[in-house]
Amino acid sequence: METSPIITSFFVIFSGAAILASIALYTRQPLIIAYIAIGAIAGPYGLHLVSDANMLSEVSEIGIIFLLFLLGLDMHPRSLLHMLRKASTVAVGSSVVFALAGFGIARLSGFGNGEALVVGLAMMFSSTIIGIKLLPTTVLHHRHTGELVVGLLLLQDLIAIITLLVIAGAKTGFDWLQLGRTLLMLPLLVVAAFLIVRYILLRLLSAFDRFHEYIFLLAIGWCLGMAELAKSIGLSLEIGAFVAGVSLATSPISQYMAEHLKPLRDFFLVLFFFSLGAGLDWNLIPKMIWPVLGLTAALLVLKPLVFRGLLMFIQEPAPIAWEVGVRLGQISEFSLLIAYLAAQTGMISETGSVLIQATAILTFVLNTYLVLLKYPSPIAISDRLRRD
């Protein structure tokens, strides 16, 4: 009987990741490095053991969806709303600074104005998946730092959606009406989520809370259903999942859901990091090595400084401002989407796309090391800093 390609791919990914993760733990390295490394080794530009990295990338997005859903379960709606209002100045101001920095470095590296603009736009955002995965649950529950990180990442998601709409419309003509509809849909989605939770989900949970399997199934269905609904009305899957989580955050069952969905989230996150390593054409890196290193170094220095300055401007204490800045000191999964979409529309060349992708991976890796060495994290290298 012939083995299915998807089974073979899963065997290579998880067996290879287990081997490299063991080596990483013995050498006290972050596990994320092992997942990216197995992608580079086994992917289409490595040994070609897994050829369909695009399919795995789509599947792995479920990990990000669950990550945002679990995050929402830990956020009380009232405190979240207060934090979003407070963080809006920081999110907009930092995005402008990072876009200008990325544009300037790309122009100095020889790219034209159009490509440099796309590179600049890709530099505006920080990684939701890295920022949240390295944030211990205790920080989310008991410290102001977690609320700031979450608020900034959500506002960046909204800015990223607008950016993607602009890039998508560059070829066909930008639709201001579509943008207006998209922004209007967000409050409607929130209201609909809270009404469904209040009048349907909580009654179902109250009636059948003895059946743990049912609670698990209902949580997954609610998370993925809201994510798909958000996508269908012009928002992102991640925003839909987060709204789904926040709408359940005041329910007593929320922490039970959060605890039992973590293994499922981690399964898909391994696929995400694998697809990240597998999707980059490493053969083009030598041609772009200096622009990649220059852009990476600039962002690793600039992002913490800018976030610190803007957060202190809105009266946040310096230690918290520093920590938030360091935790958000990388670029984002949205940067990879921007690179892909811009390449599809002809706004950016293959070398420009590689510049964004390689910078994303390098900032992911280096910033992860920095956070793990300096701040509490569930996967910290030091036992002293490891917090679940």
# chains A, B, ... in the order shown; residues from 1 in each chain; ligands from 1
call {"tool": "residues_around", "arguments": {"residues": "Ser127 in chain A", "least_positions_apart": "3", "cutoff": "12 Å", "atoms": "only C-alpha atoms", "output": "PyMOL selection string"}}
result
chain A and resi 64+122-124+130-134+149-150+152-154+156-157+160+326-336+360-361+363-365+367-368
call {"tool": "write_last_selection", "arguments": {"atoms": "N, CA and C atoms", "output": "compact mmCIF listing (two decimals), in the first residue's frame"}}
result
# COMPACT_ATOMS: atom_id res chain seq x y z
N ILE A 64 -1.82 29.74 14.25
CA ILE A 64 -1.91 31.16 14.58
C ILE A 64 -3.34 31.50 15.03
N ALA A 122 6.43 46.43 4.83
CA ALA A 122 6.59 45.13 5.47
C ALA A 122 7.30 45.24 6.82
N MET A 123 8.05 46.31 7.02
CA MET A 123 8.80 46.45 8.27
C MET A 123 7.96 47.04 9.41
N MET A 124 6.73 47.45 9.13
CA MET A 124 5.93 48.16 10.13
C MET A 124 5.47 47.28 11.28
N ILE A 130 5.41 35.24 17.51
CA ILE A 130 6.60 35.28 18.36
C ILE A 130 6.28 36.06 19.64
N GLY A 131 5.64 37.21 19.48
CA GLY A 131 5.34 38.06 20.63
C GLY A 131 4.51 37.35 21.68
N ILE A 132 3.50 36.59 21.24
CA ILE A 132 2.62 35.92 22.19
C ILE A 132 3.20 34.61 22.69
N LYS A 133 3.87 33.84 21.81
CA LYS A 133 4.43 32.56 22.23
C LYS A 133 5.50 32.75 23.31
N LEU A 134 6.24 33.85 23.26
CA LEU A 134 7.30 34.09 24.24
C LEU A 134 6.81 34.83 25.48
N VAL A 149 1.45 44.49 25.00
CA VAL A 149 1.89 43.70 23.85
C VAL A 149 0.69 43.29 23.00
N VAL A 150 -0.35 42.79 23.64
CA VAL A 150 -1.54 42.36 22.92
C VAL A 150 -2.23 43.53 22.21
N LEU A 152 -1.00 46.39 21.17
CA LEU A 152 -0.20 46.86 20.02
C LEU A 152 -0.28 45.88 18.86
N LEU A 153 -0.22 44.60 19.14
CA LEU A 153 -0.28 43.61 18.06
C LEU A 153 -1.63 43.62 17.36
N LEU A 154 -2.70 43.80 18.11
CA LEU A 154 -4.03 43.85 17.48
C LEU A 154 -4.20 45.08 16.61
N GLN A 156 -1.77 46.66 15.16
CA GLN A 156 -0.93 46.42 13.98
C GLN A 156 -1.64 45.50 12.99
N ASP A 157 -2.41 44.53 13.50
CA ASP A 157 -3.17 43.66 12.60
C ASP A 157 -4.15 44.47 11.75
N ALA A 160 -2.24 46.28 9.18
CA ALA A 160 -1.78 45.33 8.17
C ALA A 160 -2.89 44.99 7.18
N VAL A 326 11.43 45.29 23.37
CA VAL A 326 12.26 44.13 23.03
C VAL A 326 11.38 42.97 22.54
N ARG A 327 10.27 42.74 23.21
CA ARG A 327 9.39 41.63 22.80
C ARG A 327 8.79 41.85 21.41
N LEU A 328 8.68 43.10 20.98
CA LEU A 328 8.13 43.40 19.65
C LEU A 328 9.23 43.79 18.66
N GLY A 329 10.44 43.34 18.92
CA GLY A 329 11.60 43.78 18.13
C GLY A 329 11.89 42.95 16.90
N GLN A 330 10.87 42.34 16.29
CA GLN A 330 11.05 41.57 15.05
C GLN A 330 10.01 42.01 14.04
N ILE A 331 10.04 41.47 12.83
CA ILE A 331 8.95 41.78 11.90
C ILE A 331 7.97 40.62 11.90
N SER A 332 6.95 40.70 11.06
CA SER A 332 5.74 39.92 11.29
C SER A 332 5.46 38.89 10.20
N GLU A 333 4.53 37.96 10.53
CA GLU A 333 3.98 37.07 9.51
C GLU A 333 3.29 37.88 8.41
N PHE A 334 2.71 39.02 8.79
CA PHE A 334 2.08 39.88 7.79
C PHE A 334 3.11 40.40 6.79
N SER A 335 4.36 40.55 7.22
CA SER A 335 5.42 40.97 6.31
C SER A 335 5.59 39.94 5.20
N LEU A 336 5.49 38.66 5.55
CA LEU A 336 5.60 37.60 4.55
C LEU A 336 4.41 37.65 3.59
N ALA A 360 12.71 38.64 7.92
CA ALA A 360 11.71 38.11 8.87
C ALA A 360 12.30 36.95 9.66
N ILE A 361 12.89 35.98 8.97
CA ILE A 361 13.44 34.81 9.65
C ILE A 361 14.57 35.20 10.59
N THR A 363 15.20 38.15 12.00
CA THR A 363 14.71 38.90 13.19
C THR A 363 13.96 37.97 14.14
N PHE A 364 13.22 36.98 13.59
CA PHE A 364 12.57 36.00 14.45
C PHE A 364 13.59 35.30 15.34
N VAL A 365 14.66 34.81 14.70
CA VAL A 365 15.66 34.01 15.42
C VAL A 365 16.41 34.87 16.45
N ASN A 367 15.77 37.92 17.69
CA ASN A 367 14.93 38.51 18.73
C ASN A 367 14.49 37.47 19.74
N THR A 368 14.23 36.24 19.27
CA THR A 368 13.88 35.15 20.19
C THR A 368 15.00 34.93 21.20
call {"tool": "residues_around", "arguments": {"residues": "range 263-278 of chain A", "least_positions_apart": "5", "cutoff": "10 Å", "atoms": "only C-alpha atoms", "output": "PyMOL selection string"}}
result
chain A and resi 10+13-14+17+31-46+48+50-70+129+133+220+258+333+336+357-358+360-361
call {"tool": "closest_residue", "arguments": {"among": "A:Ala318, A:Leu202, A:Ala101, A:Ile215", "to": "Leu300 in chain A", "atoms": "only C-alpha atoms"}}
result
A:Ala101
call {"tool": "closest_residue", "arguments": {"among": "A:Ala99, A:Ile285, A:Ala227, A:Val324", "to": "Gly151 in chain A", "atoms": "only C-alpha atoms"}}
result
A:Val324
call {"tool": "select_by_dssp", "arguments": {"residues": "range 40-274 of chain A", "states": "alpha helix (DSSP H)", "output": "mmCIF file with C-alpha atoms, in the first residue's frame"}}
result
data_model
loop_
_atom_site.group_PDB
_atom_site.id
_atom_site.type_symbol
_atom_site.label_atom_id
_atom_site.label_comp_id
_atom_site.auth_asym_id
_atom_site.auth_seq_id
_atom_site.Cartn_x
_atom_site.Cartn_y
_atom_site.Cartn_z
ATOM 1 C CA ALA A 40 15.275 24.604 5.564
ATOM 2 C CA ILE A 41 16.795 21.092 5.512
ATOM 3 C CA ALA A 42 13.787 19.074 4.339
ATOM 4 C CA ALA A 53 5.447 23.744 1.474
ATOM 5 C CA ASN A 54 2.563 25.985 0.343
ATOM 6 C CA MET A 55 -0.036 23.433 1.422
ATOM 7 C CA LEU A 56 1.642 23.052 4.811
ATOM 8 C CA SER A 57 1.801 26.835 5.177
ATOM 9 C CA GLU A 58 -1.971 27.050 4.739
ATOM 10 C CA VAL A 59 -2.543 24.261 7.272
ATOM 11 C CA SER A 60 -0.113 25.850 9.737
ATOM 12 C CA GLU A 61 -2.164 29.049 9.823
ATOM 13 C CA ILE A 62 -4.572 27.154 12.072
ATOM 14 C CA GLY A 63 -1.862 27.383 14.751
ATOM 15 C CA ILE A 64 -1.914 31.165 14.582
ATOM 16 C CA ILE A 65 -5.720 31.115 14.740
ATOM 17 C CA PHE A 66 -5.701 28.994 17.916
ATOM 18 C CA LEU A 67 -2.946 31.186 19.379
ATOM 19 C CA LEU A 68 -5.133 34.287 19.029
ATOM 20 C CA PHE A 69 -8.217 32.449 20.306
ATOM 21 C CA LEU A 70 -6.398 31.335 23.464
ATOM 22 C CA LEU A 71 -5.055 34.842 23.883
ATOM 23 C CA GLY A 72 -8.586 36.254 23.701
ATOM 24 C CA LEU A 73 -9.757 33.834 26.389
ATOM 25 C CA PRO A 77 -13.158 42.933 27.322
ATOM 26 C CA ARG A 78 -13.155 46.073 29.495
ATOM 27 C CA SER A 79 -9.401 46.130 30.133
ATOM 28 C CA LEU A 80 -8.736 45.258 26.481
ATOM 29 C CA LEU A 81 -10.821 48.193 25.227
ATOM 30 C CA HIS A 82 -8.975 50.587 27.547
ATOM 31 C CA MET A 83 -5.607 49.276 26.345
ATOM 32 C CA LEU A 84 -6.516 49.550 22.646
ATOM 33 C CA ARG A 85 -7.426 53.220 23.086
ATOM 34 C CA LYS A 86 -4.210 53.910 24.947
ATOM 35 C CA ALA A 87 -1.945 52.040 22.505
ATOM 36 C CA SER A 88 -3.304 53.557 19.282
ATOM 37 C CA THR A 89 -0.809 56.463 19.303
ATOM 38 C CA VAL A 90 2.100 54.064 19.777
ATOM 39 C CA ALA A 91 0.905 51.685 17.034
ATOM 40 C CA VAL A 92 0.445 54.415 14.408
ATOM 41 C CA GLY A 93 3.585 56.378 15.321
ATOM 42 C CA SER A 94 5.849 53.317 15.379
ATOM 43 C CA SER A 95 4.465 52.058 12.050
ATOM 44 C CA VAL A 96 5.389 55.338 10.353
ATOM 45 C CA VAL A 97 8.936 55.279 11.767
ATOM 46 C CA PHE A 98 9.568 51.641 10.782
ATOM 47 C CA ALA A 99 8.156 52.168 7.284
ATOM 48 C CA LEU A 100 10.483 55.134 6.715
ATOM 49 C CA ALA A 101 13.464 53.174 8.043
ATOM 50 C CA GLY A 102 12.743 50.183 5.814
ATOM 51 C CA PHE A 103 12.218 52.432 2.786
ATOM 52 C CA GLY A 104 15.503 54.262 3.406
ATOM 53 C CA ILE A 105 17.580 51.094 3.844
ATOM 54 C CA ALA A 106 16.032 49.486 0.743
ATOM 55 C CA ARG A 107 16.821 52.588 -1.324
ATOM 56 C CA LEU A 108 20.422 52.566 -0.076
ATOM 57 C CA ASN A 113 11.128 53.658 -5.012
ATOM 58 C CA GLY A 114 8.273 51.196 -5.594
ATOM 59 C CA GLU A 115 10.088 48.167 -4.208
ATOM 60 C CA ALA A 116 11.573 50.190 -1.348
ATOM 61 C CA LEU A 117 8.056 51.323 -0.399
ATOM 62 C CA VAL A 118 6.864 47.706 -0.206
ATOM 63 C CA VAL A 119 9.895 46.783 1.922
ATOM 64 C CA GLY A 120 9.128 49.731 4.197
ATOM 65 C CA LEU A 121 5.493 48.670 4.591
ATOM 66 C CA ALA A 122 6.591 45.128 5.472
ATOM 67 C CA THR A 128 1.979 38.068 16.694
ATOM 68 C CA ILE A 129 3.143 34.485 16.899
ATOM 69 C CA ILE A 130 6.599 35.278 18.362
ATOM 70 C CA GLY A 131 5.336 38.057 20.632
ATOM 71 C CA ILE A 132 2.616 35.918 22.188
ATOM 72 C CA LYS A 133 4.435 32.557 22.233
ATOM 73 C CA THR A 137 0.650 33.201 30.870
ATOM 74 C CA THR A 138 1.470 34.824 34.202
ATOM 75 C CA VAL A 139 2.360 38.019 32.356
ATOM 76 C CA LEU A 140 -1.004 38.003 30.592
ATOM 77 C CA HIS A 141 -2.874 37.411 33.839
ATOM 78 C CA HIS A 142 -1.028 39.617 36.280
ATOM 79 C CA HIS A 144 0.465 45.281 32.451
ATOM 80 C CA THR A 145 3.170 44.222 29.970
ATOM 81 C CA GLY A 146 1.019 41.495 28.442
ATOM 82 C CA GLU A 147 -1.894 43.865 27.853
ATOM 83 C CA LEU A 148 0.362 46.366 26.093
ATOM 84 C CA VAL A 149 1.888 43.697 23.849
ATOM 85 C CA VAL A 150 -1.543 42.358 22.917
ATOM 86 C CA GLY A 151 -3.054 45.799 22.312
ATOM 87 C CA LEU A 152 -0.200 46.859 20.021
ATOM 88 C CA LEU A 153 -0.281 43.607 18.063
ATOM 89 C CA LEU A 154 -4.030 43.850 17.481
ATOM 90 C CA LEU A 155 -3.792 47.434 16.282
ATOM 91 C CA GLN A 156 -0.934 46.417 13.983
ATOM 92 C CA ASP A 157 -3.175 43.657 12.597
ATOM 93 C CA LEU A 158 -5.759 46.288 11.619
ATOM 94 C CA ILE A 159 -3.069 48.438 9.976
ATOM 95 C CA ALA A 160 -1.777 45.333 8.174
ATOM 96 C CA ILE A 161 -5.244 44.549 6.781
ATOM 97 C CA ILE A 162 -5.476 48.061 5.345
ATOM 98 C CA THR A 163 -1.963 47.707 3.889
ATOM 99 C CA LEU A 164 -2.845 44.400 2.236
ATOM 100 C CA LEU A 165 -6.014 45.951 0.757
ATOM 101 C CA VAL A 166 -3.921 48.788 -0.684
ATOM 102 C CA ILE A 167 -1.390 46.389 -2.239
ATOM 103 C CA ALA A 168 -4.118 44.116 -3.602
ATOM 104 C CA GLY A 169 -5.822 47.140 -5.153
ATOM 105 C CA ALA A 170 -2.615 48.458 -6.734
ATOM 106 C CA LYS A 171 -3.210 46.321 -9.813
ATOM 107 C CA THR A 172 -6.984 46.666 -10.163
ATOM 108 C CA TRP A 176 -12.277 52.957 -0.897
ATOM 109 C CA LEU A 177 -15.789 51.583 -0.514
ATOM 110 C CA GLN A 178 -14.397 48.135 0.243
ATOM 111 C CA LEU A 179 -12.086 49.601 2.884
ATOM 112 C CA GLY A 180 -15.006 51.432 4.516
ATOM 113 C CA ARG A 181 -17.078 48.252 4.560
ATOM 114 C CA THR A 182 -14.201 46.312 6.112
ATOM 115 C CA LEU A 183 -13.699 48.825 8.930
ATOM 116 C CA LEU A 184 -17.456 48.926 9.576
ATOM 117 C CA MET A 185 -17.619 45.141 9.819
ATOM 118 C CA LEU A 186 -15.294 44.931 12.819
ATOM 119 C CA PRO A 187 -17.695 46.412 15.420
ATOM 120 C CA LEU A 188 -20.547 44.411 13.877
ATOM 121 C CA LEU A 189 -18.490 41.225 14.233
ATOM 122 C CA VAL A 190 -17.789 42.017 17.905
ATOM 123 C CA VAL A 191 -21.461 42.693 18.682
ATOM 124 C CA ALA A 192 -22.567 39.524 16.883
ATOM 125 C CA ALA A 193 -19.978 37.432 18.770
ATOM 126 C CA PHE A 194 -21.089 38.651 22.198
ATOM 127 C CA LEU A 195 -24.774 38.137 21.371
ATOM 128 C CA ILE A 196 -24.172 34.569 20.142
ATOM 129 C CA LEU A 202 -23.347 29.892 27.338
ATOM 130 C CA ARG A 203 -26.696 28.080 27.439
ATOM 131 C CA LEU A 204 -25.218 25.104 25.577
ATOM 132 C CA LEU A 205 -22.220 25.039 27.900
ATOM 133 C CA SER A 206 -24.464 25.237 30.955
ATOM 134 C CA ALA A 207 -26.603 22.373 29.711
ATOM 135 C CA PHE A 208 -23.783 20.030 28.659
ATOM 136 C CA HIS A 212 -15.676 17.444 28.227
ATOM 137 C CA GLU A 213 -15.436 16.202 24.658
ATOM 138 C CA TYR A 214 -18.382 18.427 23.734
ATOM 139 C CA ILE A 215 -16.738 21.504 25.310
ATOM 140 C CA PHE A 216 -13.553 20.786 23.340
ATOM 141 C CA LEU A 217 -15.537 20.418 20.096
ATOM 142 C CA LEU A 218 -17.605 23.546 20.732
ATOM 143 C CA ALA A 219 -14.477 25.610 21.443
ATOM 144 C CA ILE A 220 -12.817 24.539 18.171
ATOM 145 C CA GLY A 221 -15.994 25.108 16.173
ATOM 146 C CA TRP A 222 -16.541 28.572 17.678
ATOM 147 C CA CYS A 223 -12.918 29.596 17.100
ATOM 148 C CA LEU A 224 -12.696 28.434 13.474
ATOM 149 C CA GLY A 225 -16.239 29.567 12.671
ATOM 150 C CA MET A 226 -15.582 33.118 13.828
ATOM 151 C CA ALA A 227 -12.231 33.143 12.026
ATOM 152 C CA GLU A 228 -13.880 32.133 8.755
ATOM 153 C CA LEU A 229 -16.693 34.660 9.267
ATOM 154 C CA ALA A 230 -14.156 37.445 9.810
ATOM 155 C CA LYS A 231 -12.318 36.488 6.632
ATOM 156 C CA SER A 232 -15.532 36.440 4.611
ATOM 157 C CA LEU A 237 -8.724 35.020 10.337
ATOM 158 C CA GLU A 238 -6.642 36.075 13.348
ATOM 159 C CA ILE A 239 -8.946 38.950 14.284
ATOM 160 C CA GLY A 240 -11.977 36.657 14.060
ATOM 161 C CA ALA A 241 -10.327 34.098 16.329
ATOM 162 C CA PHE A 242 -9.341 36.751 18.845
ATOM 163 C CA VAL A 243 -12.876 38.176 18.943
ATOM 164 C CA ALA A 244 -14.151 34.624 19.497
ATOM 165 C CA GLY A 245 -11.841 34.247 22.487
ATOM 166 C CA VAL A 246 -12.602 37.648 24.050
ATOM 167 C CA SER A 247 -16.337 37.018 23.769
ATOM 168 C CA LEU A 248 -15.890 33.942 25.987
ATOM 169 C CA SER A 254 -12.755 29.896 29.413
ATOM 170 C CA GLN A 255 -9.703 28.688 31.352
ATOM 171 C CA TYR A 256 -10.692 25.046 30.854
ATOM 172 C CA MET A 257 -10.871 25.660 27.100
ATOM 173 C CA ALA A 258 -7.528 27.460 27.099
ATOM 174 C CA GLU A 259 -5.761 24.629 28.899
ATOM 175 C CA HIS A 260 -7.104 21.859 26.667
ATOM 176 C CA LEU A 261 -6.489 23.604 23.337
ATOM 177 C CA LYS A 262 -2.781 24.312 23.954
ATOM 178 C CA PRO A 263 -1.500 20.953 22.578
ATOM 179 C CA LEU A 264 -3.549 21.438 19.404
ATOM 180 C CA ARG A 265 -2.137 24.954 19.005
ATOM 181 C CA ASP A 266 1.441 23.706 19.417
ATOM 182 C CA PHE A 267 0.937 21.001 16.787
ATOM 183 C CA PHE A 268 0.044 23.568 14.133
ATOM 184 C CA LEU A 269 2.706 26.051 15.262
ATOM 185 C CA VAL A 270 5.386 23.458 14.497
ATOM 186 C CA LEU A 271 3.990 23.367 10.953
ATOM 187 C CA PHE A 272 4.066 27.166 10.792
ATOM 188 C CA PHE A 273 7.746 27.434 11.643
ATOM 189 C CA PHE A 274 8.577 24.519 9.350
#
call {"tool": "closest_residue", "arguments": {"among": "A:Leu135, A:Phe307, A:Asp74, A:Ser126", "to": "Pro252 in chain A", "atoms": "only C-alpha atoms"}}
result
A:Asp74
call {"tool": "atom_distance", "arguments": {"atom1": "CA of Val301 in chain A", "atom2": "CA of Ser236 in chain A"}}
result
29.4 Å
call {"tool": "atom_distance", "arguments": {"atom1": "CA of Leu355 in chain A", "atom2": "CA of Ala297 in chain A"}}
result
13.3 Å
